[in-house]
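Reproduced below: start_21.tsv, with TSV, C-alpha atoms.
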chain	number	residue	atom	x	y	z
N	1	MET	CA	-5.92	48.24	-71.20
N	2	THR	CA	-2.22	47.80	-71.93
N	3	GLU	CA	-0.59	44.42	-72.29
N	4	THR	CA	2.53	43.47	-70.35
N	5	ARG	CA	4.98	40.66	-71.02
N	6	PRO	CA	7.38	39.10	-68.52
N	7	ALA	CA	10.37	40.67	-70.20
N	8	ASP	CA	8.88	44.12	-69.66
N	9	ALA	CA	8.80	43.58	-65.91
N	10	ALA	CA	12.36	42.25	-65.86
N	11	GLU	CA	13.71	45.38	-67.51
N	12	GLY	CA	12.78	47.70	-64.64
N	13	ARG	CA	14.15	47.22	-61.18
N	14	SER	CA	11.59	49.35	-59.31
N	15	PHE	CA	8.68	47.80	-57.49
N	16	SER	CA	5.14	49.01	-56.90
N	17	TYR	CA	2.28	47.36	-55.02
N	18	ARG	CA	-0.29	49.17	-57.15
N	19	PRO	CA	-0.83	46.45	-59.80
N	20	PHE	CA	-1.46	43.86	-57.10
N	21	ILE	CA	-4.00	45.64	-54.90
N	22	TRP	CA	-7.00	43.96	-56.51
N	23	LEU	CA	-5.28	40.57	-56.44
N	24	ALA	CA	-4.90	41.04	-52.68
N	25	VAL	CA	-8.63	41.79	-52.46
N	26	ALA	CA	-9.30	38.56	-54.35
N	27	THR	CA	-7.16	36.51	-51.94
N	28	PHE	CA	-8.91	38.30	-49.07
N	29	SER	CA	-12.24	36.93	-50.29
N	30	MET	CA	-10.74	33.46	-50.58
N	31	GLY	CA	-9.36	33.73	-47.05
N	32	ILE	CA	-12.80	34.47	-45.63
N	33	ASP	CA	-14.21	31.53	-47.57
N	34	GLY	CA	-11.46	29.21	-46.34
N	35	TYR	CA	-11.95	29.86	-42.63
N	36	VAL	CA	-15.37	31.28	-41.83
N	37	LEU	CA	-17.35	28.04	-42.19
N	38	ALA	CA	-15.42	26.46	-39.32
N	39	GLY	CA	-17.10	28.80	-36.87
N	40	LEU	CA	-20.59	28.19	-38.22
N	41	LEU	CA	-20.87	24.40	-38.28
N	42	PRO	CA	-23.73	24.14	-35.73
N	43	GLN	CA	-25.82	26.70	-37.66
N	44	ILE	CA	-25.11	25.03	-41.00
N	45	ALA	CA	-25.88	21.59	-39.63
N	46	GLY	CA	-29.18	22.75	-38.14
N	47	ASP	CA	-30.30	24.59	-41.26
N	48	LEU	CA	-29.38	21.82	-43.72
N	49	ASP	CA	-30.53	19.04	-41.36
N	50	VAL	CA	-27.19	17.21	-41.19
N	51	THR	CA	-24.69	16.43	-38.43
N	52	PRO	CA	-21.88	18.88	-37.57
N	53	ALA	CA	-19.42	16.30	-38.93
N	54	ALA	CA	-21.24	16.29	-42.26
N	55	ALA	CA	-21.31	20.08	-42.28
N	56	GLY	CA	-17.54	20.00	-41.86
N	57	GLN	CA	-17.28	18.16	-45.15
N	58	LEU	CA	-18.25	21.39	-46.91
N	59	MET	CA	-14.66	22.41	-46.14
N	60	SER	CA	-13.27	18.98	-47.03
N	61	VAL	CA	-14.87	18.80	-50.47
N	62	PHE	CA	-13.58	22.28	-51.32
N	63	ALA	CA	-10.02	21.42	-50.33
N	64	PHE	CA	-10.01	17.98	-51.96
N	65	THR	CA	-11.42	19.35	-55.23
N	66	ALA	CA	-8.84	22.15	-55.23
N	67	ALA	CA	-6.00	19.70	-54.62
N	68	LEU	CA	-6.92	17.57	-57.64
N	69	ALA	CA	-8.05	20.34	-59.96
N	70	GLY	CA	-5.25	22.87	-59.40
N	71	PRO	CA	-2.45	21.27	-61.48
N	72	VAL	CA	-4.84	20.06	-64.20
N	73	LEU	CA	-6.68	23.36	-64.68
N	74	GLY	CA	-3.42	25.28	-64.42
N	75	THR	CA	-2.00	23.23	-67.29
N	76	LEU	CA	-5.11	23.40	-69.47
N	77	THR	CA	-5.18	27.19	-69.20
N	78	SER	CA	-1.40	27.77	-69.22
N	79	ARG	CA	-1.49	29.30	-72.73
N	80	TRP	CA	-4.35	31.64	-71.92
N	81	GLU	CA	-3.75	35.32	-71.30
N	82	ARG	CA	-3.25	35.59	-67.54
N	83	ARG	CA	-5.70	38.38	-66.70
N	84	THR	CA	-8.43	36.50	-68.55
N	85	THR	CA	-7.63	33.37	-66.54
N	86	ILE	CA	-7.75	35.29	-63.26
N	87	VAL	CA	-11.08	36.93	-64.17
N	88	LEU	CA	-12.74	33.66	-65.23
N	89	SER	CA	-11.47	31.71	-62.23
N	90	LEU	CA	-12.57	34.45	-59.82
N	91	GLY	CA	-15.96	34.56	-61.52
N	92	VAL	CA	-16.41	30.80	-61.04
N	93	PHE	CA	-15.33	31.12	-57.41
N	94	VAL	CA	-17.93	33.85	-56.81
N	95	LEU	CA	-20.62	31.78	-58.57
N	96	GLY	CA	-19.89	28.80	-56.34
N	97	ASN	CA	-20.32	30.89	-53.21
N	98	VAL	CA	-23.63	32.27	-54.49
N	99	VAL	CA	-24.84	28.67	-55.00
N	100	VAL	CA	-23.86	27.82	-51.42
N	101	ALA	CA	-25.58	30.95	-50.10
N	102	ILE	CA	-28.92	30.06	-51.71
N	103	ALA	CA	-28.67	26.27	-51.23
N	104	THR	CA	-31.88	24.74	-49.97
N	105	ASN	CA	-30.33	21.39	-49.08
N	106	TYR	CA	-27.00	19.72	-48.35
N	107	PRO	CA	-26.29	18.29	-51.86
N	108	VAL	CA	-26.76	21.72	-53.46
N	109	ALA	CA	-24.41	23.26	-50.88
N	110	LEU	CA	-21.82	20.57	-51.64
N	111	SER	CA	-22.16	21.26	-55.36
N	112	GLY	CA	-21.59	24.96	-54.73
N	113	ARG	CA	-18.42	24.17	-52.80
N	114	VAL	CA	-17.12	22.08	-55.70
N	115	ILE	CA	-17.79	24.93	-58.14
N	116	ALA	CA	-16.06	27.43	-55.82
N	117	ALA	CA	-13.07	25.09	-55.45
N	118	LEU	CA	-12.65	24.76	-59.22
N	119	GLY	CA	-12.43	28.53	-59.52
N	120	GLY	CA	-10.35	28.97	-56.39
N	121	SER	CA	-7.72	26.38	-57.30
N	122	LEU	CA	-7.13	27.96	-60.71
N	123	LEU	CA	-7.16	31.44	-59.20
N	124	ASN	CA	-4.37	30.56	-56.78
N	125	ALA	CA	-2.13	29.21	-59.52
N	126	ALA	CA	-2.88	32.10	-61.89
N	127	VAL	CA	-2.26	34.80	-59.28
N	128	THR	CA	1.06	33.28	-58.19
N	129	GLY	CA	2.30	32.99	-61.78
N	130	TYR	CA	1.15	36.52	-62.59
N	131	VAL	CA	2.91	38.08	-59.60
N	132	LEU	CA	6.18	36.21	-60.21
N	133	ALA	CA	6.20	37.14	-63.91
N	134	LEU	CA	5.42	40.81	-63.38
N	135	THR	CA	7.91	41.37	-60.56
N	136	PRO	CA	11.74	41.54	-60.65
N	137	SER	CA	13.24	38.50	-58.92
N	138	GLU	CA	14.65	40.52	-56.03
N	139	HIS	CA	11.11	41.64	-55.15
N	140	HIS	CA	9.32	38.29	-55.48
N	141	GLY	CA	9.10	37.78	-51.74
N	142	LYS	CA	7.51	41.12	-50.88
N	143	ALA	CA	5.15	40.93	-53.87
N	144	LEU	CA	3.86	37.49	-52.91
N	145	SER	CA	3.66	38.51	-49.25
N	146	PHE	CA	1.54	41.50	-50.22
N	147	VAL	CA	-0.87	39.51	-52.39
N	148	LEU	CA	-1.10	36.52	-50.06
N	149	GLY	CA	-1.38	38.96	-47.18
N	150	GLY	CA	-4.99	39.32	-48.25
N	151	TRP	CA	-5.50	35.74	-47.10
N	152	MET	CA	-3.78	36.34	-43.76
N	153	THR	CA	-5.74	39.55	-43.19
N	154	ALA	CA	-8.96	37.65	-43.83
N	155	THR	CA	-8.21	35.27	-40.96
N	156	ALA	CA	-7.82	38.19	-38.57
N	157	LEU	CA	-10.49	40.59	-39.86
N	158	GLY	CA	-12.72	39.00	-42.49
N	159	VAL	CA	-13.52	35.85	-40.53
N	160	PRO	CA	-14.71	37.66	-37.37
N	161	VAL	CA	-16.88	39.93	-39.52
N	162	GLY	CA	-18.23	36.87	-41.31
N	163	LEU	CA	-18.96	35.12	-38.02
N	164	LEU	CA	-20.72	38.22	-36.73
N	165	LEU	CA	-22.95	38.20	-39.81
N	166	GLY	CA	-23.35	34.46	-39.43
N	167	GLN	CA	-25.07	34.84	-36.08
N	168	SER	CA	-28.17	35.93	-38.04
N	169	SER	CA	-27.69	33.42	-40.85
N	170	TRP	CA	-24.70	31.33	-41.92
N	171	ARG	CA	-25.57	32.29	-45.52
N	172	PHE	CA	-24.61	35.94	-45.03
N	173	PRO	CA	-20.84	35.23	-44.88
N	174	MET	CA	-21.10	33.40	-48.21
N	175	ILE	CA	-22.79	36.48	-49.65
N	176	LEU	CA	-19.98	38.59	-48.16
N	177	VAL	CA	-17.40	36.43	-49.93
N	178	ALA	CA	-19.28	36.81	-53.21
N	179	VAL	CA	-19.54	40.59	-52.82
N	180	VAL	CA	-15.84	41.05	-51.99
N	181	GLY	CA	-14.91	38.71	-54.86
N	182	THR	CA	-17.07	40.72	-57.25
N	183	ILE	CA	-15.42	43.97	-56.15
N	184	ALA	CA	-12.02	42.38	-56.79
N	185	LEU	CA	-13.25	41.17	-60.18
N	186	ILE	CA	-14.24	44.68	-61.25
N	187	GLY	CA	-10.95	46.12	-60.03
N	188	ILE	CA	-8.94	43.48	-61.89
N	189	LEU	CA	-10.83	44.12	-65.11
N	190	LEU	CA	-10.24	47.86	-64.86
N	191	ARG	CA	-6.72	48.05	-63.43
N	192	LEU	CA	-4.75	44.86	-64.07
N	193	PRO	CA	-2.65	44.79	-67.26
N	194	GLN	CA	-2.87	41.82	-69.58
N	195	LEU	CA	-0.02	39.33	-69.45
N	196	HIS	CA	1.00	36.41	-71.67
N	197	LEU	CA	3.21	33.63	-70.28
N	198	PRO	CA	4.72	30.53	-71.95
N	199	GLY	CA	2.49	27.49	-71.74
N	200	GLY	CA	3.43	24.16	-70.22
N	201	THR	CA	2.36	20.53	-70.16
N	202	LEU	CA	1.09	18.48	-67.25
N	203	VAL	CA	4.17	16.26	-67.57
N	204	GLU	CA	6.43	19.29	-67.10
N	205	ARG	CA	4.45	20.41	-64.08
N	206	LEU	CA	4.62	17.00	-62.47
N	207	ARG	CA	8.28	16.29	-63.32
N	208	PRO	CA	9.55	17.35	-59.86
N	209	LEU	CA	7.48	14.50	-58.42
N	210	GLY	CA	10.14	12.17	-59.84
N	211	GLN	CA	12.33	13.14	-56.87
N	212	PRO	CA	11.36	11.01	-53.83
N	213	ARG	CA	12.92	13.53	-51.44
N	214	LEU	CA	10.75	16.31	-52.84
N	215	VAL	CA	7.61	14.18	-52.73
N	216	ALA	CA	8.31	13.45	-49.07
N	217	GLY	CA	8.80	17.17	-48.49
N	218	LEU	CA	5.41	17.91	-50.06
N	219	LEU	CA	3.86	15.29	-47.80
N	220	VAL	CA	5.21	17.24	-44.83
N	221	THR	CA	3.08	20.15	-46.04
N	222	THR	CA	0.09	17.81	-46.27
N	223	GLY	CA	0.75	16.56	-42.74
N	224	ILE	CA	0.93	20.05	-41.27
N	225	LEU	CA	-2.37	21.08	-42.85
N	226	CYS	CA	-4.04	17.75	-42.04
N	227	SER	CA	-3.19	18.09	-38.35
N	228	SER	CA	-4.37	21.71	-38.38
N	229	TYR	CA	-7.73	21.19	-40.08
N	230	ALA	CA	-8.56	18.07	-38.06
N	231	CYS	CA	-9.05	20.52	-35.19
N	232	PHE	CA	-9.63	23.92	-36.78
N	233	THR	CA	-12.64	22.73	-38.79
N	234	TYR	CA	-14.33	21.70	-35.55
N	235	ALA	CA	-12.98	24.48	-33.31
N	236	THR	CA	-16.54	25.48	-32.37
N	237	LEU	CA	-17.22	21.97	-31.10
N	238	ILE	CA	-13.93	21.84	-29.17
N	239	LEU	CA	-14.04	25.27	-27.53
N	240	GLY	CA	-17.80	25.96	-27.62
N	241	PRO	CA	-18.58	24.06	-24.38
N	242	HIS	CA	-16.14	26.36	-22.52
N	243	PHE	CA	-17.29	29.63	-24.13
N	244	HIS	CA	-21.07	29.82	-24.44
N	245	ALA	CA	-21.54	33.46	-25.46
N	246	GLU	CA	-22.21	33.98	-29.16
N	247	TRP	CA	-19.52	36.65	-29.40
N	248	ALA	CA	-16.88	34.44	-27.77
N	249	MET	CA	-16.06	32.37	-30.87
N	250	ILE	CA	-15.85	35.55	-32.92
N	251	LEU	CA	-13.15	36.91	-30.62
N	252	ILE	CA	-11.42	33.53	-30.48
N	253	MET	CA	-11.29	33.28	-34.28
N	254	PHE	CA	-9.96	36.83	-34.40
N	255	GLY	CA	-7.23	35.80	-31.96
N	256	TYR	CA	-6.37	32.80	-34.10
N	257	GLY	CA	-6.01	35.01	-37.16
N	258	VAL	CA	-3.77	37.48	-35.36
N	259	SER	CA	-1.68	34.58	-34.02
N	260	SER	CA	-1.27	33.18	-37.53
N	261	MET	CA	-0.15	36.55	-38.85
N	262	ALA	CA	2.35	36.86	-35.99
N	263	GLY	CA	3.72	33.38	-36.61
N	264	ASN	CA	4.14	34.10	-40.31
N	265	ALA	CA	5.96	37.39	-39.60
N	266	VAL	CA	8.29	35.92	-36.97
N	267	THR	CA	9.37	32.82	-38.87
N	268	GLY	CA	9.92	34.88	-42.00
N	269	ARG	CA	12.63	36.79	-40.13
N	270	LEU	CA	14.00	33.69	-38.39
N	271	VAL	CA	14.51	31.89	-41.71
N	272	ASP	CA	16.76	34.74	-42.84
N	273	LYS	CA	18.77	34.50	-39.60
N	274	PHE	CA	18.90	30.73	-39.17
N	275	THR	CA	18.07	27.95	-41.65
N	276	ALA	CA	14.63	26.94	-42.89
N	277	LEU	CA	15.32	23.40	-41.64
N	278	LYS	CA	15.98	24.52	-38.05
N	279	VAL	CA	13.00	26.85	-37.94
N	280	LEU	CA	10.65	24.24	-39.38
N	281	THR	CA	11.89	21.61	-36.91
N	282	VAL	CA	11.14	23.89	-33.96
N	283	VAL	CA	7.68	24.72	-35.36
N	284	LEU	CA	6.73	21.07	-35.90
N	285	VAL	CA	7.94	19.89	-32.49
N	286	GLY	CA	6.18	22.86	-30.89
N	287	LEU	CA	2.91	22.01	-32.64
N	288	LEU	CA	3.16	18.39	-31.49
N	289	LEU	CA	3.80	19.30	-27.83
N	290	ASN	CA	1.02	21.89	-27.97
N	291	ALA	CA	-1.50	19.34	-29.26
N	292	VAL	CA	-0.62	16.78	-26.57
N	293	LEU	CA	-0.69	19.28	-23.69
N	294	GLY	CA	-3.87	20.87	-25.01
N	295	MET	CA	-5.66	17.51	-25.20
N	296	LEU	CA	-4.65	16.58	-21.64
N	297	ALA	CA	-5.78	19.94	-20.29
N	298	LEU	CA	-9.13	19.93	-22.08
N	299	MET	CA	-9.86	16.37	-20.99
N	300	PHE	CA	-8.66	16.28	-17.39
N	301	ALA	CA	-8.14	19.81	-16.01
N	302	PRO	CA	-10.81	21.65	-13.97
N	303	ALA	CA	-13.26	23.65	-16.08
N	304	VAL	CA	-11.62	27.06	-15.63
N	305	VAL	CA	-8.12	25.72	-16.28
N	306	ALA	CA	-9.38	23.78	-19.30
N	307	ALA	CA	-10.97	26.92	-20.76
N	308	VAL	CA	-7.80	28.98	-20.32
N	309	TRP	CA	-5.56	26.24	-21.64
N	310	GLY	CA	-7.92	25.71	-24.55
N	311	LEU	CA	-7.26	29.30	-25.62
N	312	ILE	CA	-3.51	28.83	-25.15
N	313	TRP	CA	-3.62	25.71	-27.30
N	314	PHE	CA	-5.69	27.32	-30.06
N	315	PHE	CA	-3.66	30.52	-30.31
N	316	SER	CA	-0.36	28.60	-30.12
N	317	ALA	CA	-1.61	26.38	-32.93
N	318	GLY	CA	-2.32	29.55	-34.91
N	319	VAL	CA	1.26	30.74	-34.39
N	320	GLY	CA	2.66	27.37	-35.47
N	321	ASN	CA	0.38	26.83	-38.44
N	322	GLY	CA	0.91	30.37	-39.68
N	323	GLY	CA	4.63	30.16	-39.00
N	324	GLY	CA	5.23	26.85	-40.76
N	325	ALA	CA	4.50	28.17	-44.26
N	326	VAL	CA	7.61	30.30	-44.83
N	327	PRO	CA	10.30	27.77	-43.77
N	328	GLN	CA	8.50	24.93	-45.55
N	329	GLN	CA	8.25	26.87	-48.81
N	330	ALA	CA	11.89	27.95	-48.52
N	331	ARG	CA	13.02	24.38	-47.98
N	332	LEU	CA	10.98	23.01	-50.88
N	333	ALA	CA	12.28	25.70	-53.22
N	334	SER	CA	15.87	24.84	-52.25
N	335	MET	CA	15.30	21.19	-53.20
N	336	ALA	CA	14.44	22.09	-56.81
N	337	PRO	CA	15.66	25.65	-57.46
N	338	ASP	CA	15.21	25.30	-61.24
N	339	SER	CA	11.56	24.30	-60.82
N	340	ALA	CA	10.59	26.60	-57.96
N	341	ALA	CA	7.40	27.89	-59.58
N	342	ILE	CA	6.17	24.37	-60.33
N	343	VAL	CA	7.11	23.17	-56.86
N	344	MET	CA	5.12	26.01	-55.28
N	345	ALA	CA	2.11	25.06	-57.40
N	346	LEU	CA	2.43	21.45	-56.22
N	347	ASN	CA	2.80	22.71	-52.66
N	348	GLY	CA	-0.52	24.50	-53.13
N	349	SER	CA	-2.11	21.16	-54.01
N	350	ALA	CA	-0.42	19.59	-50.98
N	351	ILE	CA	-1.96	22.31	-48.81
N	352	SER	CA	-5.44	21.68	-50.24
N	353	LEU	CA	-5.03	17.91	-49.88
N	354	GLY	CA	-3.96	18.28	-46.25
N	355	SER	CA	-6.91	20.56	-45.52
N	356	ALA	CA	-9.31	18.05	-47.08
N	357	LEU	CA	-7.80	15.07	-45.27
N	358	GLY	CA	-7.81	16.91	-41.94
N	359	SER	CA	-11.45	17.99	-42.20
N	360	GLY	CA	-12.43	14.53	-43.37
N	361	LEU	CA	-10.40	12.75	-40.70
N	362	GLY	CA	-11.92	14.91	-37.99
N	363	GLY	CA	-15.40	14.19	-39.30
N	364	VAL	CA	-14.77	10.45	-39.39
N	365	ALA	CA	-13.42	10.53	-35.83
N	366	LEU	CA	-16.46	12.41	-34.55
N	367	THR	CA	-18.82	10.04	-36.38
N	368	ALA	CA	-16.97	7.10	-34.82
N	369	GLY	CA	-17.71	8.50	-31.37
N	370	VAL	CA	-14.52	10.37	-30.56
N	371	ALA	CA	-15.16	13.36	-28.31
N	372	ALA	CA	-14.40	16.78	-29.78
N	373	ASN	CA	-11.45	17.14	-27.37
N	374	GLY	CA	-10.10	13.88	-28.75
N	375	LEU	CA	-9.47	15.57	-32.09
N	376	LEU	CA	-6.34	17.07	-30.53
N	377	GLY	CA	-5.11	13.50	-30.11
N	378	VAL	CA	-5.84	12.82	-33.78
N	379	SER	CA	-3.84	15.93	-34.62
N	380	ALA	CA	-0.97	14.75	-32.39
N	381	VAL	CA	-0.80	11.39	-34.16
N	382	VAL	CA	-0.65	13.10	-37.56
N	383	LEU	CA	2.03	15.48	-36.30
N	384	THR	CA	4.10	12.60	-34.93
N	385	ILE	CA	4.14	11.00	-38.38
N	386	THR	CA	4.87	14.38	-39.97
N	387	VAL	CA	7.82	15.09	-37.66
N	388	GLY	CA	9.28	11.66	-38.50
N	389	LEU	CA	8.88	12.30	-42.21
N	390	HIS	CA	10.40	15.77	-41.82
N	391	LEU	CA	13.49	14.29	-40.17
N	392	LEU	CA	13.84	11.71	-42.94
N	393	VAL	CA	13.69	14.47	-45.55
N	394	ALA	CA	16.29	16.46	-43.61
N	395	ARG	CA	18.60	13.45	-43.49
N	396	ALA	CA	18.15	12.76	-47.21
N	397	SER	CA	18.80	16.41	-48.01
N	398	GLY	CA	21.99	16.37	-45.97
N	399	ALA	CA	23.16	13.24	-47.77
N	400	ALA	CA	22.38	14.82	-51.15
N	401	LYS	CA	24.44	17.92	-50.31
N	402	ALA	CA	27.33	15.80	-49.07
N	403	ALA	CA	27.35	13.83	-52.34
N	404	VAL	CA	27.70	16.99	-54.45
Go ahead and render the structure in this file as structure tokens.
Amino acid sequence: MTETRPADAAEGRSFSYRPFIWLAVATFSMGIDGYVLAGLLPQIAGDLDVTPAAAGQLMSVFAFTAALAGPVLGTLTSRWERRTTIVLSLGVFVLGNVVVAIATNYPVALSGRVIAALGGSLLNAAVTGYVLALTPSEHHGKALSFVLGGWMTATALGVPVGLLLGQSSWRFPMILVAVVGTIALIGILLRLPQLHLPGGTLVERLRPLGQPRLVAGLLVTTGILCSSYACFTYATLILGPHFHAEWAMILIMFGYGVSSMAGNAVTGRLVDKFTALKVLTVVLVGLLLNAVLGMLALMFAPAVVAAVWGLIWFFSAGVGNGGGAVPQQARLASMAPDSAAIVMALNGSAISLGSALGSGLGGVALTAGVAANGLLGVSAVVLTITVGLHLLVARASGAAKAAV
């Protein structure tokens, strides 16, 4: 296998998706892993003899572990050859999912999720760095979109397939993730060129956190994901009473994935036409109004109206959550253009932290006696705080530009 260095990629101006196909397959497997458990909480809870809220913590522990481990593992392995890092991290991710699939009790399943998160967090950072280094700067956007498109495709295709398998046993989707990850692993070993990148220290990676405005911007990311996962993790509990057929949640999750893909595609174009700030403001306000109206409809509307509005709420949330990523990343990158790669890595940790906090917050609320429909209210509170923080960041950014 040939070895490639960043300078080699910079010399040519052409672009090919071919080197990144197997990376997209790897992110596809991670996308299934990230979303499929949300539709299987009742089955997991029954099999492992825990409450649905406790089963939801299988998502929380993954996200929280990834948030903490990502920057640290990325730094410790920064001097490693990149293909080796990707292979090892993907191997650990696959191993973790195998442990979950064969877990005989809840603690073993939790341990498997931690192992998978350690591999997944490093895989995300390694893949992003690899793609950016191997692609000319004018093609960074399309290259990342292609690779991360594996994740988006998983929400629309992989998750429904996983849920269909999960009707027989919730363990089958975990096996599916492991199989797809193994296929990606073989493809990467055979087709991906080696790549060496300059190393870095943890201090260098965390230096952007010295800017309060940027830290607040990263917290906006955390808020968006927290509000999303407070409901998405328990979507089966929220919508299940209105849609009793086993196939219904499969179709609903498919609709959510398609909505997320549509939101991502639309806001990507809007950011080029308008500003990231304006697009993100509309998305956040829309998510807040959607959560409030959805909660009122699910709680007080007649059964048929509540069912229909529940779908409107869920799919609209998919559009907003999928559509918030592009303008948020664009805005964060503009705050620290010289540290864009590091900022994106930190944003990845902010995403994982928000996912963990949202799943955990939803579980705590349910344990405290809040009805499943009430989780939309929890999401609305988080979004209210997030919108306020977003506006403060916008004001600080405007003042910073004016001072230049």
Task: Within 9 Å of Tyr256 (chain N) using all atoms listed in the file, minus same-chain residues under 5 positions, as a list in words - done: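 So, after excluding close chain neighbours, the residues are Thr155, Ala156, Leu251, Met261, Phe314, Phe315, Ser316, Ala317, Gly318 and Val319 of chain N.
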Task: Pairwise distance for CA of Val271 (chain N) and CA of Val326 (chain N), rounded to one decimal in Å - done: 7.7 Å
Open item on the list: Let me make sure I understand: among N:Val147, N:Leu288, N:Ala371, N:Leu40, which one has the smallest atom-to-atom distance to Ser228 (chain N) if we use all atoms listed in the file?
Closed with: N:Leu288
- [ ] Could you jot down the CA of Leu239 (chain N) to CA of Leu163 (chain N) separation for me, Å, one decimal place?
- [x] 15.2 Å
Listing only residues of region 203-276 of chain N within 10 Å of region 167-181 of chain N, what is the closest atom pair and its distance in Å (to one decimal) for each, using all atoms listed in the file, sorted by chain and residue number ascending, as a Markdown table?
| residue | atom | partner | partner_atom | distance |
| --- | --- | --- | --- | --- |
| N:Glu246 | CA | N:Gln167 | CA | 7.5 |
| N:Trp247 | CA | N:Gln167 | CA | 8.9 |
| N:Ile250 | CA | N:Gln167 | CA | 9.8 |
Task: Atom pair CA of Ala230 (chain N) / CA of Met30 (chain N): separation (Å) - done: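 Those two atoms sit 20.0 Å apart.
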Open item on the list: Calculated over all atoms listed in the file, which of the candidates N:Val215, N:Val382, N:Gly257, N:Val387 has the smallest distance to Val282 (chain N)?
Closed with: N:Val387
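Distance cut-off 9 Å, centre (-5.5, 43.4, -33.5), atoms counted all atoms listed in the file; the residues meeting this are Ala156, Leu157, Phe254, Gly255 and Val258 of chain N.
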TODO: Go through N:Gly56, N:Pro193, N:Pro302, N:Gly268 one by one, measure the shortest atom-to-atom distance of each to Thr236 (chain N) using all atoms listed in the file, and give the residue with the smallest value.
DONE: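 Nearest candidate to Thr236 (chain N) out of N:Gly56, N:Pro193, N:Pro302, N:Gly268: N:Gly56.
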TODO: Go ahead and find all residues with at least one atom no further than 10 Å from (-25.9, 23.3, -42.4) in the file's coordinates, using only C-alpha atoms; report them as number ranges by chain.
DONE: N: 37, 40-52, 54-56, 58, 103-106, 109, 170-171
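Closest approach to Leu357 (chain N) among N:Leu219, N:Ile86, N:Leu190, N:Ile102 is made by N:Leu219 (distances from all atoms listed in the file).
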Task: Nearest residue to Thr65 (chain N) from the set N:Val100, N:Met299, N:Leu389, N:Leu122 (distances using only C-alpha atoms) - done: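 Nearest to Thr65 (chain N): N:Leu122.
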Identify, on the basis of all atoms listed in the file, every residue whose closest approach to Val370 (chain N) does not exceed 12 Å; exclude the query and any residue fewer than 5 positions from it along the same chain; express the result as a PDB file with C-alpha atoms, in the frame of the given file.
ATOM      1  CA  ALA N  53     -19.420  16.300 -38.930  1.00  0.00           C
ATOM      2  CA  LEU N 237     -17.220  21.970 -31.100  1.00  0.00           C
ATOM      3  CA  ILE N 238     -13.930  21.840 -29.170  1.00  0.00           C
ATOM      4  CA  LEU N 361     -10.400  12.750 -40.700  1.00  0.00           C
ATOM      5  CA  GLY N 362     -11.920  14.910 -37.990  1.00  0.00           C
ATOM      6  CA  GLY N 363     -15.400  14.190 -39.300  1.00  0.00           C
ATOM      7  CA  VAL N 364     -14.770  10.450 -39.390  1.00  0.00           C
ATOM      8  CA  ALA N 365     -13.420  10.530 -35.830  1.00  0.00           C
ATOM      9  CA  LEU N 375      -9.470  15.570 -32.090  1.00  0.00           C
ATOM     10  CA  LEU N 376      -6.340  17.070 -30.530  1.00  0.00           C
ATOM     11  CA  GLY N 377      -5.110  13.500 -30.110  1.00  0.00           C
ATOM     12  CA  VAL N 378      -5.840  12.820 -33.780  1.00  0.00           C
TER      13      VAL N 378
END
Task: Of the listed residues N:Ala126, N:Arg82, N:Val285, N:Thr182, that which approaches Thr386 (chain N) most closely, counting all atoms listed in the file - done: N:Val285
Open item on the list: Taking 2 positions as the minimum chain separation for residues in the same chain, which residues sit within 12 Å of Leu88 (chain N) when counting all atoms listed in the file? Answer as a list in words.
Closed with: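 Result of the neighbour search: Leu73, Thr77, Trp80, Glu81, Arg82, Arg83, Thr84, Thr85, Ile86, Leu90, Gly91, Val92, Phe93, Val94, Leu95, Ala116, Leu118, Gly119, Gly120, Ser121, Leu122, Leu123, Ala126, Gly181, Thr182, Leu185, Ile186, Ile188 and Leu189 of chain N.
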